[in-house]
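Working notes, structure below.
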Amino acid sequence: MALLIDGKKISAEIKDELKEIVAKKKAEGKEITLAVIQVGNDKASSVYVGNKKKACEYIGVNSLAYELPEETTEEELLSIVKELNERSDVHGILVQLPLPKHICEDKVLLAINPDKDVDGFHPVSVGRLWIGEEGYESCTPAGVIQLLKRSGIEIAGKECVVIGRSNIVGKPMAAMLLRENGTVTVCHSRTKNLAEVTKRADILVVAIGKPKFITAEYVKEGAVVIDVGIHRNEDNKLCGDVDFDSVEPIASAITPVPGGVGPMTIAMLMCNVVKSNA
Ligand code: GUN
């Protein structure tokens with residue numbers, strides 16, 4: 001039976017560690033403030049933003065909420081970002097994605113001061129990650145690294161296969177596994193003989209965006225399988241990109257959905273927030 005990697009427990013441990021660090025900073029008179037901007041009222045975004053605010057409250061960080069109407073112009077949003085960049089009492093800035101279609105996301109992300117870029121999406125943060133400089137890291141892949149480390153899973157020297165090449169998960173995941181001295185392969189929609197490649201993996205990270213796509217035929221006996229996907233199946237139940245029932249019997253360790261990678265994203269965001277007023 002595979003080790004079940006408990007993201008709920010590990011994320012709670014991380015938040016408790018951060019809570020202590022924040023309390024110590026407060027005792028030294030150092031407050032931390034995160035500005036969270038949401039444009040429009042996309043339902044999923046409202047849930048994510050609500051959870052981020054709750055996590056701030058839990059660890060003792062101030063959150064400054066900007067709930068802007070759907071009609072907000074790009075210019076107005078850029079002017080708010082500029083003002084937040086300049087405020088010395090605001091340490092982190094997060095613009096919830098997706099933005100309405102009339103606003104260019106790349107332009108807005110580029111406008112955030114890289115020193116306040118707690119999402120790790122700014123090209124400067126991405127560049128720092130790839131060249132091995134200290135900086136903010138994309139939260140979901142950083143969460144995957146923490147899940148592996150805190151479960152005692154060695155990355156160095158392992159065959160690591162990432163399925164998915166998004167800027168938020170796949171690409172930074174590859175950079176982080178490489179930094180940990182894994183041998184990294186990135187697969188995507190144009191990869192030929194996908195199962196042949198994924199079967200090489202000692203550590204398989206799946207961020208393909210297709211419910212229950214990865215079955216036992218894609219997985220080597222004894223592999224560690226990390227599922228970044230989250231979907232609702234026909235019974236309205238949550239499931240991942242990995243067919244858990246098929247893969248779990250042959251994996252050595254696996255993340256469940258829910259309760260695997262999901263809770264780690266906010267925990268790692270909180271790590272970045274605490275770092276923003278180091
Ligand atoms: N939308 C979905 N996930 C994220 C995230 O991690 N950060 C931001 N800013 N927006 C998102």
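Starting from 1 in every chain, residues are counted up; chains themselves are A, B, ... following the order of the structure tokens, and ligands are numbered from 1 as listed.
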Pick out each residue of stretch 52-248 of chain A that DSSP on the backbone tags as helix (DSSP H, G or I); I need them as a ChimeraX atom specification.
-> /A:52-59,74-86,105-111,114-116,123-131,139-150,170-179,194-198,216-218,244-247
Considering only C-alpha atoms and all ligand atoms, tabulate each residue of chain A that lies at most 9 Å from ligand 1 along with its nearest interatomic pair and the corresponding distance in Å to one decimal; arrange the rows by chain and ascending residue number and present them as a tab-separated table.
residue	atom	partner	partner_atom_place_in_ligand_line	distance
A:Val36	CA	ligand 1	9 (N)	8.5
A:Ile37	CA	ligand 1	9 (N)	8.6
A:Gln38	CA	ligand 1	9 (N)	8.8
A:Ala44	CA	ligand 1	2 (C)	8.5
A:Ser45	CA	ligand 1	1 (N)	6.6
A:Tyr48	CA	ligand 1	2 (C)	7.5
A:Val49	CA	ligand 1	10 (N)	8.6
A:Leu94	CA	ligand 1	9 (N)	5.4
A:Val95	CA	ligand 1	9 (N)	4.8
A:Gln96	CA	ligand 1	9 (N)	3.7
A:Leu97	CA	ligand 1	10 (N)	3.8
A:Pro98	CA	ligand 1	1 (N)	5.9
A:Leu99	CA	ligand 1	10 (N)	8.8
A:Val118	CA	ligand 1	9 (N)	8.8
A:Asp119	CA	ligand 1	7 (N)	5.8
A:Gly120	CA	ligand 1	7 (N)	8.8
A:Phe121	CA	ligand 1	9 (N)	8.2
A:Ser138	CA	ligand 1	6 (O)	7.5
A:Cys139	CA	ligand 1	6 (O)	6.5
A:Thr140	CA	ligand 1	6 (O)	7.1
A:Ile168	CA	ligand 1	6 (O)	7.5
A:Thr265	CA	ligand 1	6 (O)	6.9
A:Ile266	CA	ligand 1	6 (O)	7.9
A:Leu269	CA	ligand 1	6 (O)	8.0
Among A:Ala2, A:Cys187, A:Ile230, A:Val273, A:Pro258 is approached most closely, using only C-alpha atoms, by A:Ile230
So that I can check the surroundings of stretch 241-244 of chain A, please list as a ChimeraX atom specification every protein, DNA and RNA residue that reaches within 6 Å of it, counting only C-alpha atoms and ignoring chain neighbours fewer than 4 positions away. /A:210-215,229,248
Could you dump the residues just selected with N, CA and C atoms as a PDB file, in the first residue's frame?
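Final output, part_36.pdb:
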ATOM      1  N   LYS A 210      -6.723  16.989 -16.889  1.00  0.00           N
ATOM      2  CA  LYS A 210      -7.757  16.059 -17.387  1.00  0.00           C
ATOM      3  C   LYS A 210      -8.098  15.065 -16.277  1.00  0.00           C
ATOM      4  N   PRO A 211      -9.387  15.023 -15.882  1.00  0.00           N
ATOM      5  CA  PRO A 211      -9.750  14.169 -14.741  1.00  0.00           C
ATOM      6  C   PRO A 211      -9.385  12.697 -14.932  1.00  0.00           C
ATOM      7  N   LYS A 212      -8.739  12.128 -13.907  1.00  0.00           N
ATOM      8  CA  LYS A 212      -8.399  10.691 -13.826  1.00  0.00           C
ATOM      9  C   LYS A 212      -7.675  10.171 -15.062  1.00  0.00           C
ATOM     10  N   PHE A 213      -6.889  11.023 -15.708  1.00  0.00           N
ATOM     11  CA  PHE A 213      -6.218  10.645 -16.963  1.00  0.00           C
ATOM     12  C   PHE A 213      -5.117   9.609 -16.731  1.00  0.00           C
ATOM     13  N   ILE A 214      -4.380   9.786 -15.619  1.00  0.00           N
ATOM     14  CA  ILE A 214      -3.222   8.915 -15.386  1.00  0.00           C
ATOM     15  C   ILE A 214      -3.650   7.654 -14.633  1.00  0.00           C
ATOM     16  N   THR A 215      -3.576   6.545 -15.345  1.00  0.00           N
ATOM     17  CA  THR A 215      -3.922   5.242 -14.758  1.00  0.00           C
ATOM     18  C   THR A 215      -2.631   4.448 -14.539  1.00  0.00           C
ATOM     19  N   GLY A 229      -3.929  18.088 -10.146  1.00  0.00           N
ATOM     20  CA  GLY A 229      -5.242  18.392 -10.724  1.00  0.00           C
ATOM     21  C   GLY A 229      -6.352  18.455  -9.689  1.00  0.00           C
ATOM     22  N   GLU A 248      -2.873   3.905  -6.966  1.00  0.00           N
ATOM     23  CA  GLU A 248      -2.432   3.741  -5.560  1.00  0.00           C
ATOM     24  C   GLU A 248      -1.816   2.369  -5.273  1.00  0.00           C
TER      25      GLU A 248
END
Exercise: A:Leu68 partners within 9 Å, only C-alpha atoms, chain neighbours under 2 positions left out, as a PyMOL selection string
chain A and resi 37-41+66+70-72+77
Export of prior selection with all heavy atoms as a PDB file, in the first residue's frame:
ATOM      1  N   ILE A  37      -5.975  41.766  -4.485  1.00  0.00           N
ATOM      2  CA  ILE A  37      -6.867  42.459  -5.419  1.00  0.00           C
ATOM      3  C   ILE A  37      -7.665  41.440  -6.217  1.00  0.00           C
ATOM      4  O   ILE A  37      -7.101  40.540  -6.832  1.00  0.00           O
ATOM      5  CB  ILE A  37      -6.053  43.336  -6.403  1.00  0.00           C
ATOM      6  CG1 ILE A  37      -5.139  44.300  -5.638  1.00  0.00           C
ATOM      7  CG2 ILE A  37      -6.982  44.103  -7.340  1.00  0.00           C
ATOM      8  CD1 ILE A  37      -4.177  45.081  -6.536  1.00  0.00           C
ATOM      9  N   GLN A  38      -8.979  41.617  -6.208  1.00  0.00           N
ATOM     10  CA  GLN A  38      -9.842  40.792  -7.058  1.00  0.00           C
ATOM     11  C   GLN A  38     -10.658  41.723  -7.950  1.00  0.00           C
ATOM     12  O   GLN A  38     -11.255  42.688  -7.461  1.00  0.00           O
ATOM     13  CB  GLN A  38     -10.780  39.917  -6.199  1.00  0.00           C
ATOM     14  CG  GLN A  38     -11.618  38.977  -7.055  1.00  0.00           C
ATOM     15  CD  GLN A  38     -12.606  38.137  -6.247  1.00  0.00           C
ATOM     16  OE1 GLN A  38     -12.596  38.149  -5.017  1.00  0.00           O
ATOM     17  NE2 GLN A  38     -13.468  37.422  -6.939  1.00  0.00           N
ATOM     18  N   VAL A  39     -10.676  41.449  -9.232  1.00  0.00           N
ATOM     19  CA  VAL A  39     -11.489  42.251 -10.150  1.00  0.00           C
ATOM     20  C   VAL A  39     -12.643  41.380 -10.639  1.00  0.00           C
ATOM     21  O   VAL A  39     -12.428  40.307 -11.191  1.00  0.00           O
ATOM     22  CB  VAL A  39     -10.666  42.757 -11.358  1.00  0.00           C
ATOM     23  CG1 VAL A  39     -11.511  43.692 -12.221  1.00  0.00           C
ATOM     24  CG2 VAL A  39      -9.393  43.463 -10.898  1.00  0.00           C
ATOM     25  N   GLY A  40     -13.878  41.868 -10.412  1.00  0.00           N
ATOM     26  CA  GLY A  40     -15.063  41.092 -10.802  1.00  0.00           C
ATOM     27  C   GLY A  40     -15.411  40.105  -9.696  1.00  0.00           C
ATOM     28  O   GLY A  40     -14.769  40.096  -8.636  1.00  0.00           O
ATOM     29  N   ASN A  41     -16.468  39.288  -9.964  1.00  0.00           N
ATOM     30  CA  ASN A  41     -16.843  38.368  -8.880  1.00  0.00           C
ATOM     31  C   ASN A  41     -16.965  36.924  -9.339  1.00  0.00           C
ATOM     32  O   ASN A  41     -17.935  36.240  -9.041  1.00  0.00           O
ATOM     33  CB  ASN A  41     -18.104  38.849  -8.137  1.00  0.00           C
ATOM     34  CG  ASN A  41     -19.101  39.423  -9.115  1.00  0.00           C
ATOM     35  OD1 ASN A  41     -19.093  39.027 -10.285  1.00  0.00           O
ATOM     36  ND2 ASN A  41     -19.930  40.343  -8.664  1.00  0.00           N
ATOM     37  N   TYR A  66      -8.947  44.493  -1.899  1.00  0.00           N
ATOM     38  CA  TYR A  66      -9.489  45.356  -2.951  1.00  0.00           C
ATOM     39  C   TYR A  66     -10.459  44.524  -3.766  1.00  0.00           C
ATOM     40  O   TYR A  66     -10.037  43.633  -4.498  1.00  0.00           O
ATOM     41  CB  TYR A  66      -8.366  45.878  -3.854  1.00  0.00           C
ATOM     42  CG  TYR A  66      -7.499  46.930  -3.198  1.00  0.00           C
ATOM     43  CD1 TYR A  66      -6.530  46.567  -2.272  1.00  0.00           C
ATOM     44  CD2 TYR A  66      -7.653  48.277  -3.507  1.00  0.00           C
ATOM     45  CE1 TYR A  66      -5.725  47.528  -1.666  1.00  0.00           C
ATOM     46  CE2 TYR A  66      -6.867  49.244  -2.905  1.00  0.00           C
ATOM     47  CZ  TYR A  66      -5.909  48.863  -1.986  1.00  0.00           C
ATOM     48  OH  TYR A  66      -5.125  49.812  -1.396  1.00  0.00           O
ATOM     49  N   GLU A  70     -16.153  44.465 -12.058  1.00  0.00           N
ATOM     50  CA  GLU A  70     -15.799  43.859 -13.352  1.00  0.00           C
ATOM     51  C   GLU A  70     -15.377  44.932 -14.377  1.00  0.00           C
ATOM     52  O   GLU A  70     -14.482  44.701 -15.193  1.00  0.00           O
ATOM     53  CB  GLU A  70     -17.061  43.101 -13.845  1.00  0.00           C
ATOM     54  CG  GLU A  70     -16.926  42.373 -15.136  1.00  0.00           C
ATOM     55  CD  GLU A  70     -16.270  41.001 -15.002  1.00  0.00           C
ATOM     56  OE1 GLU A  70     -16.263  40.450 -13.889  1.00  0.00           O
ATOM     57  OE2 GLU A  70     -15.753  40.511 -16.020  1.00  0.00           O
ATOM     58  N   GLU A  71     -16.022  46.115 -14.315  1.00  0.00           N
ATOM     59  CA  GLU A  71     -15.768  47.158 -15.324  1.00  0.00           C
ATOM     60  C   GLU A  71     -14.470  47.922 -15.071  1.00  0.00           C
ATOM     61  O   GLU A  71     -14.114  48.808 -15.851  1.00  0.00           O
ATOM     62  CB  GLU A  71     -16.901  48.204 -15.352  1.00  0.00           C
ATOM     63  CG  GLU A  71     -18.331  47.692 -15.380  1.00  0.00           C
ATOM     64  CD  GLU A  71     -18.796  47.158 -14.023  1.00  0.00           C
ATOM     65  OE1 GLU A  71     -18.867  47.915 -13.041  1.00  0.00           O
ATOM     66  OE2 GLU A  71     -19.069  45.939 -13.961  1.00  0.00           O
ATOM     67  N   THR A  72     -13.769  47.623 -13.993  1.00  0.00           N
ATOM     68  CA  THR A  72     -12.507  48.323 -13.705  1.00  0.00           C
ATOM     69  C   THR A  72     -11.617  48.292 -14.958  1.00  0.00           C
ATOM     70  O   THR A  72     -11.473  47.250 -15.597  1.00  0.00           O
ATOM     71  CB  THR A  72     -11.766  47.612 -12.542  1.00  0.00           C
ATOM     72  OG1 THR A  72     -12.651  47.535 -11.441  1.00  0.00           O
ATOM     73  CG2 THR A  72     -10.493  48.332 -12.154  1.00  0.00           C
ATOM     74  N   LEU A  77      -6.583  49.636 -12.643  1.00  0.00           N
ATOM     75  CA  LEU A  77      -5.918  48.558 -11.912  1.00  0.00           C
ATOM     76  C   LEU A  77      -4.415  48.823 -11.807  1.00  0.00           C
ATOM     77  O   LEU A  77      -3.820  48.673 -10.728  1.00  0.00           O
ATOM     78  CB  LEU A  77      -6.193  47.209 -12.610  1.00  0.00           C
ATOM     79  CG  LEU A  77      -5.559  45.982 -11.967  1.00  0.00           C
ATOM     80  CD1 LEU A  77      -5.986  45.811 -10.512  1.00  0.00           C
ATOM     81  CD2 LEU A  77      -5.936  44.709 -12.745  1.00  0.00           C
TER      82      LEU A  77
END
